[in-house]
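*Asks:* Got a structure here, written out as structure tokens. Questions coming.
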Amino acid sequence: MAFDLELLPKIIWLIFIVAWGIIRYRPNIKSRKVAIATVSRTLKERFSMIISATGLGYIPLVWIFTDWLDGYNYTQNTMLIIIGTGLLIVSLRLFRSTHKALGKMWSHSLDLREDHKLVTSGIYEKVRHPMYTAFWVWALGAFFLLPNWVAGVSGLVGFGTLFFLRVGQEEAMMKAEFGEEYEAYMKRTKKVFPNIY
Ligand code: SAH
């Protein structure tokens, strides 16, 4: 059976986005019911959220639905599609585990909810920022899957911008809120990849 190696990555990516939306749907509704006590949404934070969404989502969508970026296409091969798809599946599983562990403490941005609890169990035992691991794996998966230099690289650049602008702020916010408890947690965990970083 011959696959259309140009069309297939687009279909896989769209299925991934729908699956991701389904995974986030319930946590979104549930966590909204808990009031936010502290908002740390700085201008830098808003800017980085837009850059991240553009790189991970909007640019691939533009590539899929228009011909504007077609000048940057390259010929795809089956191996890269398999690697990319595998990474996107890993990313979805990571998103599910993080939502399971974080529950109502989750938010899109840097917020602390009322009666915020520090989560260090489940996947949070392994690393401090497993949801960001999931986003990195998404960006890497898209890089392998999408045979276009702009749409393939935009997720790494977009999410990379958010990650490096946010992670220091987030850890400072958590330290201010949870003090020694968070410092001890930082000592025994890495940020996104166990034993590495
Ligand atoms: N950085 C985490 C969470 C991303 S969601 C991850 O990558 O998995 C961002 C929100 O999660 C922040 O506003 C913060 O309030 C909350 N948060 C981050 N780490 C947390 C933890 N260990 N326990 C509870 N809430 C946490």
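Following the order of the structure tokens, first chain is A, next is B, and so on, with residues numbered from 1 inside each chain and ligands from 1 in the order they appear.
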Set out as JSON lines a contact list for chain A and ligand 1 with a cut-off of 7 Å, giving each residue of chain A that qualifies its closest atom pair and distance in Å to one decimal, counting only C-alpha atoms and all ligand atoms, ordered by chain and rising residue number.

*Replies:*
```
{"residue": "A:Thr98", "atom": "CA", "partner": "ligand 1", "partner_atom_place_in_ligand_line": "8 (O)", "distance": 6.1}
{"residue": "A:Leu102", "atom": "CA", "partner": "ligand 1", "partner_atom_place_in_ligand_line": "24 (C)", "distance": 6.2}
{"residue": "A:Met105", "atom": "CA", "partner": "ligand 1", "partner_atom_place_in_ligand_line": "25 (N)", "distance": 5.1}
{"residue": "A:Trp106", "atom": "CA", "partner": "ligand 1", "partner_atom_place_in_ligand_line": "11 (O)", "distance": 4.7}
{"residue": "A:Ser107", "atom": "CA", "partner": "ligand 1", "partner_atom_place_in_ligand_line": "10 (C)", "distance": 4.8}
{"residue": "A:His108", "atom": "CA", "partner": "ligand 1", "partner_atom_place_in_ligand_line": "5 (S)", "distance": 5.8}
{"residue": "A:Ser109", "atom": "CA", "partner": "ligand 1", "partner_atom_place_in_ligand_line": "13 (O)", "distance": 5.2}
{"residue": "A:Leu110", "atom": "CA", "partner": "ligand 1", "partner_atom_place_in_ligand_line": "13 (O)", "distance": 3.5}
{"residue": "A:Asp111", "atom": "CA", "partner": "ligand 1", "partner_atom_place_in_ligand_line": "13 (O)", "distance": 3.9}
{"residue": "A:Leu112", "atom": "CA", "partner": "ligand 1", "partner_atom_place_in_ligand_line": "15 (O)", "distance": 4.4}
{"residue": "A:Arg113", "atom": "CA", "partner": "ligand 1", "partner_atom_place_in_ligand_line": "15 (O)", "distance": 6.9}
{"residue": "A:His116", "atom": "CA", "partner": "ligand 1", "partner_atom_place_in_ligand_line": "24 (C)", "distance": 6.8}
{"residue": "A:Lys117", "atom": "CA", "partner": "ligand 1", "partner_atom_place_in_ligand_line": "24 (C)", "distance": 5.6}
{"residue": "A:Leu118", "atom": "CA", "partner": "ligand 1", "partner_atom_place_in_ligand_line": "23 (N)", "distance": 3.7}
{"residue": "A:Val119", "atom": "CA", "partner": "ligand 1", "partner_atom_place_in_ligand_line": "23 (N)", "distance": 3.6}
{"residue": "A:Thr120", "atom": "CA", "partner": "ligand 1", "partner_atom_place_in_ligand_line": "22 (N)", "distance": 5.5}
{"residue": "A:Tyr124", "atom": "CA", "partner": "ligand 1", "partner_atom_place_in_ligand_line": "22 (N)", "distance": 6.5}
{"residue": "A:Arg128", "atom": "CA", "partner": "ligand 1", "partner_atom_place_in_ligand_line": "22 (N)", "distance": 6.0}
{"residue": "A:His129", "atom": "CA", "partner": "ligand 1", "partner_atom_place_in_ligand_line": "7 (O)", "distance": 3.1}
{"residue": "A:Pro130", "atom": "CA", "partner": "ligand 1", "partner_atom_place_in_ligand_line": "8 (O)", "distance": 4.1}
{"residue": "A:Met131", "atom": "CA", "partner": "ligand 1", "partner_atom_place_in_ligand_line": "7 (O)", "distance": 3.5}
{"residue": "A:Tyr132", "atom": "CA", "partner": "ligand 1", "partner_atom_place_in_ligand_line": "7 (O)", "distance": 4.0}
{"residue": "A:Thr133", "atom": "CA", "partner": "ligand 1", "partner_atom_place_in_ligand_line": "7 (O)", "distance": 6.6}
{"residue": "A:Glu170", "atom": "CA", "partner": "ligand 1", "partner_atom_place_in_ligand_line": "12 (C)", "distance": 6.6}
```

*Asks:* Please provide the set of residues having any atom within 12 Å of Arg96 (chain A), restricted to only C-alpha atoms, with same-chain residues fewer than 6 positions apart removed, written as a list in words.

*Replies:* Ala19, Trp20, Gly21, Ile22, Ile23, Arg24, Tyr25, Arg26, Pro27, Ile89, Val90, Leu102, Gly103, Gly122, Ile123, Pro130, Met131 and Ala134 of chain A

*Asks:* Could you dump the residues just selected with C-alpha atoms as an mmCIF file, in the first residue's frame?

*Replies:*
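So part-v8.cif came out as:
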```cif
data_model
loop_
_atom_site.group_PDB
_atom_site.id
_atom_site.type_symbol
_atom_site.label_atom_id
_atom_site.label_comp_id
_atom_site.auth_asym_id
_atom_site.auth_seq_id
_atom_site.Cartn_x
_atom_site.Cartn_y
_atom_site.Cartn_z
ATOM 1 C CA ALA A 19 -6.459 14.142 20.763
ATOM 2 C CA TRP A 20 -4.577 16.821 22.705
ATOM 3 C CA GLY A 21 -7.722 18.972 22.816
ATOM 4 C CA ILE A 22 -9.696 16.017 24.163
ATOM 5 C CA ILE A 23 -7.088 15.347 26.888
ATOM 6 C CA ARG A 24 -7.159 18.998 27.994
ATOM 7 C CA TYR A 25 -10.916 19.477 27.761
ATOM 8 C CA ARG A 26 -11.937 18.177 31.176
ATOM 9 C CA PRO A 27 -8.974 19.546 33.156
ATOM 10 C CA ILE A 89 2.172 9.606 21.054
ATOM 11 C CA VAL A 90 4.675 9.832 23.937
ATOM 12 C CA LEU A 102 -1.778 18.102 38.772
ATOM 13 C CA GLY A 103 -5.601 18.063 38.717
ATOM 14 C CA GLY A 122 2.811 10.659 40.181
ATOM 15 C CA ILE A 123 4.855 11.865 37.255
ATOM 16 C CA PRO A 130 6.637 17.099 33.146
ATOM 17 C CA MET A 131 4.087 19.154 31.235
ATOM 18 C CA ALA A 134 5.407 16.904 27.040
#
```

*Asks:* Neighbours of Ile81 (chain A) within 7 Å (only C-alpha atoms; same-chain residues fewer than 3 positions away dropped), as a list in words?

*Replies:* Pro9, Asn77, Thr78, Gly84, Thr85, Phe144 and Leu145 of chain A

*Asks:* So that I can check the surroundings of region 57-61 of chain A, please list as a VMD selection string every protein, DNA and RNA residue that reaches within 12 Å of it, counting only C-alpha atoms and ignoring chain neighbours fewer than 6 positions away.

*Replies:* chain A and resid 9 to 14 16 to 18 20 to 21 49 to 51 67 to 70 135 138 to 139 142 to 143 145 to 159

*Asks:* Find the distance between CA of Arg46 (chain A) and CA of Gly168 (chain A) and write it in Å to one decimal.

*Replies:*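 According to the coordinates, CA of Arg46 (chain A) and CA of Gly168 (chain A) are separated by 15.3 Å.
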
*Asks:* Neighbours of Met186 (chain A) within 10 Å (only C-alpha atoms; same-chain residues fewer than 5 positions away dropped), as a short mmCIF file (atom, residue, chain, number, x, y, z; two decimals) with N, CA and C atoms, in the first residue's frame?

*Replies:*
```cif
data_model
loop_
_atom_site.label_atom_id
_atom_site.label_comp_id
_atom_site.auth_asym_id
_atom_site.auth_seq_id
_atom_site.Cartn_x
_atom_site.Cartn_y
_atom_site.Cartn_z
N VAL A 127 10.20 14.41 37.54
CA VAL A 127 10.72 15.74 37.16
C VAL A 127 9.78 16.83 37.67
N ARG A 128 10.29 18.08 37.73
CA ARG A 128 9.48 19.18 38.26
C ARG A 128 8.52 19.74 37.22
N GLU A 171 9.60 28.85 38.93
CA GLU A 171 10.26 28.28 40.11
C GLU A 171 10.38 29.32 41.22
N LYS A 175 8.80 28.87 44.84
CA LYS A 175 9.65 29.01 46.03
C LYS A 175 9.06 30.02 47.01
N GLU A 180 10.74 26.12 51.77
CA GLU A 180 11.66 24.98 51.90
C GLU A 180 11.14 23.72 51.23
N GLU A 181 9.82 23.57 51.27
CA GLU A 181 9.23 22.37 50.66
C GLU A 181 9.59 22.31 49.17
N LYS A 191 14.57 19.35 36.03
CA LYS A 191 13.47 20.14 35.47
C LYS A 191 12.59 19.32 34.51
#
```

*Asks:* As number ranges by chain, please: every residue in region 38-178 of chain A that a backbone DSSP assignment puts in alpha helix (DSSP H).

*Replies:* A: 43-53, 59-65, 78-102, 130-145, 149-178

*Asks:* Just to confirm, what's the straight-line distance from CA of Val39 (chain A) to CA of Tyr197 (chain A) in Å (one decimal)?

*Replies:*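 Atom-to-atom, CA of Val39 (chain A) to CA of Tyr197 (chain A), that is 27.2 Å.
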